[in-house]
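See below for the structure under consideration.
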Amino acid sequence: MARLILNQLGKDFGTGRAAVSGFSLDVREGGFLALLGPSGCGKTTVLRMIAGFETPSDGSIHLGERLLADAAQSLPPEKRNMAMVFQSYALWPHMSVADNVGYPLKVRGISGDAYRAKVRDALGTVRLADYAERRPADLSGGQRQRVALARCLVTSPDVVLLDEPLANLDRHLKQEMEETFREFHQRSGATMIYVTHDQSEAMALATDVAVMSEGRLLQVAPPAEIYARPEGRIVGGLIGRGTIVTLPRAAGDSRAFDWQALEPMFAGAAVSTADGDRMDVLVRPEDAIVSCENIAAGAGIAATVESVLFEGERYALKLILADSQVLRAYSRFPVRTGDSLRLSVRAAWRL
Ligand code: ADP
Ligand code: MG
């Protein structure tokens with residue numbers, strides 16, 4: 001096993017716009033990287049180049065010292081020792097779970113005790129040791145997905161590539177499978193790259209999140225760090241449920257700033273700023289606090305409630321500020337559409 005290194009990777013399908021460009025990424029051995037971005041941004045293309053199903057137009061892919069591909073040469077997929085799990089995890093219905101899992105070993109000519117030991121280990125890793133003789137039809141959706149994982153693990157791949165494997169599952173099963181993927185990663189020790197357009201999935205699963213947009217890599221960081229310090233409007237908009245608000249630029253170079261100093265703007269007071277002297281800030285709903293005290297005291301930023309979504313433990317609000325900008329906030333007490341209220345903002349991030 002070794003580090004996977006993508007250097008200035010590019011892919012142009014000749015459509016007039018490159019699907020992937022200048023994409024450099026270093027995935028450490030045993031790491032679990034989520035590749036996050038909106039549909040059509042080039043995630044699958046990156047994964048297919050790593051797996052060897054597409055040849056890069058530019059740049060290179062190395063696994064440790066070994067060159068896997070560049071614009072001039074490309075190692076075929078079967079020589080890369082990687083496994084790719086797709087959204088649809090086709091299992092053979094007429095074969096037992098054990099035979100499904102062992103199939104890639106048969107193809108490689110492995111049999112006998114070595115075959116049985118590897119199948120048993122792979123099934124143990126996904127906690128299906130007792131299901132070896134069942135048929136796929138007798139299993140739940142989550143168990144079938146675990147069989148597909150065991151099948152990809154059985155050949156001890158250096159890198160496991162997963163392309164939106166949970167996209168078609170309902171929320172409950174999704175949560176169960178997120179647990180399975182995390183455990184799978186811990187037990188197998190494989191380097192994993194997990195493609196998703198779902199930010200909460202990326203944050204929950206991975207040790208590092210790489211955000212891409214329009215073929216380019218924007219930021220790579222551990223989930224907590226990318227949440228706390230998103231770089232730029234696109235990452236800020238993709239991570240968390242925050243809103244981006246444009247404000248006059250504050251003094252100093254700190255990313256966090258004193259919202260109170262900017263409140264007059266939201267209160268409708270004139271704020272004189274030179275053109276270009278504005279900045280975008282990201283406000284997370286958990287940092288925009290609506291409280292009864294605020295309303296009673298007439299303190300805080302004035303806002304009107306545009307819509308309310310009851311989420312059980314709280315109300316998710318879409319607010320309109322005095323200057324017509326939108327801000328998302330949470331409230332613990334019930335409010336109604338059209339209500340006027342006041343809120344305080346605990347923290348915001350400059351983008
Ligand atoms: P994602 O997986 O993030 O949804 P893709 O990697 O599938 O994005 O696609 C990125 C872009 O490349 C899209 O604009 C898509 O239409 C284009 N694309 C992908 N595969 C091909 C192909 N084989 N030929 C031409 N264009 C392609
Ligand atoms: Mg895709």
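Ligands are numbered from 1 in the order shown, residues from 1 within each chain, and chains are lettered A, B, ... in the order they appear in the structure tokens.
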
Write out, as JSON lines, each residue of chain A that has an atom at most 9 Å from ligand 2, together with the closest pair of atoms and their distance in Å to one decimal, counting only C-alpha atoms and all ligand atoms, rows going by chain and rising number.
{"residue": "A:Ser39", "atom": "CA", "partner": "ligand 2", "partner_atom_place_in_ligand_line": "1 (Mg)", "distance": 6.5}
{"residue": "A:Gly40", "atom": "CA", "partner": "ligand 2", "partner_atom_place_in_ligand_line": "1 (Mg)", "distance": 6.7}
{"residue": "A:Cys41", "atom": "CA", "partner": "ligand 2", "partner_atom_place_in_ligand_line": "1 (Mg)", "distance": 8.2}
{"residue": "A:Gly42", "atom": "CA", "partner": "ligand 2", "partner_atom_place_in_ligand_line": "1 (Mg)", "distance": 7.0}
{"residue": "A:Lys43", "atom": "CA", "partner": "ligand 2", "partner_atom_place_in_ligand_line": "1 (Mg)", "distance": 5.5}
{"residue": "A:Thr44", "atom": "CA", "partner": "ligand 2", "partner_atom_place_in_ligand_line": "1 (Mg)", "distance": 4.1}
{"residue": "A:Thr45", "atom": "CA", "partner": "ligand 2", "partner_atom_place_in_ligand_line": "1 (Mg)", "distance": 7.3}
{"residue": "A:Leu47", "atom": "CA", "partner": "ligand 2", "partner_atom_place_in_ligand_line": "1 (Mg)", "distance": 8.8}
{"residue": "A:Asp163", "atom": "CA", "partner": "ligand 2", "partner_atom_place_in_ligand_line": "1 (Mg)", "distance": 6.7}
{"residue": "A:Glu164", "atom": "CA", "partner": "ligand 2", "partner_atom_place_in_ligand_line": "1 (Mg)", "distance": 7.2}
{"residue": "A:Val195", "atom": "CA", "partner": "ligand 2", "partner_atom_place_in_ligand_line": "1 (Mg)", "distance": 7.6}
{"residue": "A:Thr196", "atom": "CA", "partner": "ligand 2", "partner_atom_place_in_ligand_line": "1 (Mg)", "distance": 8.0}
{"residue": "A:His197", "atom": "CA", "partner": "ligand 2", "partner_atom_place_in_ligand_line": "1 (Mg)", "distance": 8.6}

For the selection you just gave me, I'd like the residues written to a file as a PDB file, in the first residue's frame, keeping N, CA, C and O atoms.
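The new file part29.pdb reads:
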ATOM      1  N   SER A  39     -23.479  17.735  -8.697  1.00  0.00           N
ATOM      2  CA  SER A  39     -23.584  16.831  -9.839  1.00  0.00           C
ATOM      3  C   SER A  39     -22.968  17.486 -11.084  1.00  0.00           C
ATOM      4  O   SER A  39     -23.165  18.665 -11.334  1.00  0.00           O
ATOM      5  N   GLY A  40     -22.172  16.719 -11.810  1.00  0.00           N
ATOM      6  CA  GLY A  40     -21.578  17.224 -13.049  1.00  0.00           C
ATOM      7  C   GLY A  40     -20.258  17.945 -12.875  1.00  0.00           C
ATOM      8  O   GLY A  40     -19.675  18.439 -13.837  1.00  0.00           O
ATOM      9  N   CYS A  41     -19.716  17.996 -11.638  1.00  0.00           N
ATOM     10  CA  CYS A  41     -18.494  18.766 -11.407  1.00  0.00           C
ATOM     11  C   CYS A  41     -17.229  17.974 -11.749  1.00  0.00           C
ATOM     12  O   CYS A  41     -16.138  18.528 -11.745  1.00  0.00           O
ATOM     13  N   GLY A  42     -17.367  16.673 -12.038  1.00  0.00           N
ATOM     14  CA  GLY A  42     -16.207  15.894 -12.471  1.00  0.00           C
ATOM     15  C   GLY A  42     -15.745  14.821 -11.497  1.00  0.00           C
ATOM     16  O   GLY A  42     -14.696  14.217 -11.694  1.00  0.00           O
ATOM     17  N   LYS A  43     -16.544  14.527 -10.482  1.00  0.00           N
ATOM     18  CA  LYS A  43     -16.144  13.550  -9.461  1.00  0.00           C
ATOM     19  C   LYS A  43     -15.920  12.157 -10.057  1.00  0.00           C
ATOM     20  O   LYS A  43     -14.902  11.524  -9.814  1.00  0.00           O
ATOM     21  N   THR A  44     -16.917  11.691 -10.817  1.00  0.00           N
ATOM     22  CA  THR A  44     -16.811  10.346 -11.391  1.00  0.00           C
ATOM     23  C   THR A  44     -15.638  10.267 -12.358  1.00  0.00           C
ATOM     24  O   THR A  44     -14.914   9.264 -12.396  1.00  0.00           O
ATOM     25  N   THR A  45     -15.400  11.349 -13.095  1.00  0.00           N
ATOM     26  CA  THR A  45     -14.280  11.361 -14.041  1.00  0.00           C
ATOM     27  C   THR A  45     -12.956  11.201 -13.294  1.00  0.00           C
ATOM     28  O   THR A  45     -12.081  10.438 -13.724  1.00  0.00           O
ATOM     29  N   LEU A  47     -12.523   9.712 -10.407  1.00  0.00           N
ATOM     30  CA  LEU A  47     -12.490   8.337  -9.905  1.00  0.00           C
ATOM     31  C   LEU A  47     -12.143   7.346 -11.031  1.00  0.00           C
ATOM     32  O   LEU A  47     -11.356   6.427 -10.832  1.00  0.00           O
ATOM     33  N   ASP A 163     -18.296   5.225  -5.685  1.00  0.00           N
ATOM     34  CA  ASP A 163     -18.971   6.297  -6.412  1.00  0.00           C
ATOM     35  C   ASP A 163     -20.427   6.408  -5.973  1.00  0.00           C
ATOM     36  O   ASP A 163     -21.278   5.670  -6.433  1.00  0.00           O
ATOM     37  N   GLU A 164     -20.703   7.316  -5.060  1.00  0.00           N
ATOM     38  CA  GLU A 164     -22.050   7.567  -4.540  1.00  0.00           C
ATOM     39  C   GLU A 164     -22.795   6.274  -4.201  1.00  0.00           C
ATOM     40  O   GLU A 164     -23.903   6.048  -4.668  1.00  0.00           O
ATOM     41  N   VAL A 195     -16.905   9.159  -3.287  1.00  0.00           N
ATOM     42  CA  VAL A 195     -17.506  10.273  -4.026  1.00  0.00           C
ATOM     43  C   VAL A 195     -18.946  10.492  -3.574  1.00  0.00           C
ATOM     44  O   VAL A 195     -19.709   9.540  -3.454  1.00  0.00           O
ATOM     45  N   THR A 196     -19.291  11.740  -3.312  1.00  0.00           N
ATOM     46  CA  THR A 196     -20.669  12.042  -2.928  1.00  0.00           C
ATOM     47  C   THR A 196     -21.003  13.505  -3.229  1.00  0.00           C
ATOM     48  O   THR A 196     -20.112  14.349  -3.316  1.00  0.00           O
ATOM     49  N   HIS A 197     -22.293  13.785  -3.427  1.00  0.00           N
ATOM     50  CA  HIS A 197     -22.707  15.188  -3.547  1.00  0.00           C
ATOM     51  C   HIS A 197     -23.397  15.619  -2.252  1.00  0.00           C
ATOM     52  O   HIS A 197     -23.892  16.727  -2.147  1.00  0.00           O
TER      53      HIS A 197
END

Excluding same-chain residues fewer than 5 positions from Arg80 in chain A, what lies within 12 Å of it counting only C-alpha atoms, as a list in words?
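My list of contacting residues is Met1, Leu4, Met49, Ile50, Ala51, Gly52, Phe53, Ile61, His62, Leu63, Gly64, Arg66, Leu67, Leu68, Ala69, Ser74, Leu75, Thr155, Ser156, Pro157, Asp158, Val159, Val160 and Leu161 of chain A.
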
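For the choices A:Val283, A:Val345, A:Met82, A:Val209, the atom-to-atom distance to Ala2 in chain A is smallest for A:Met82 when using only C-alpha atoms.
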
When you draw a straight line from CA of Glu311 in chain A to CA of Gly240 in chain A, how long is it in Å?
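Between CA of Glu311 in chain A and CA of Gly240 in chain A the gap is 15.9 Å.
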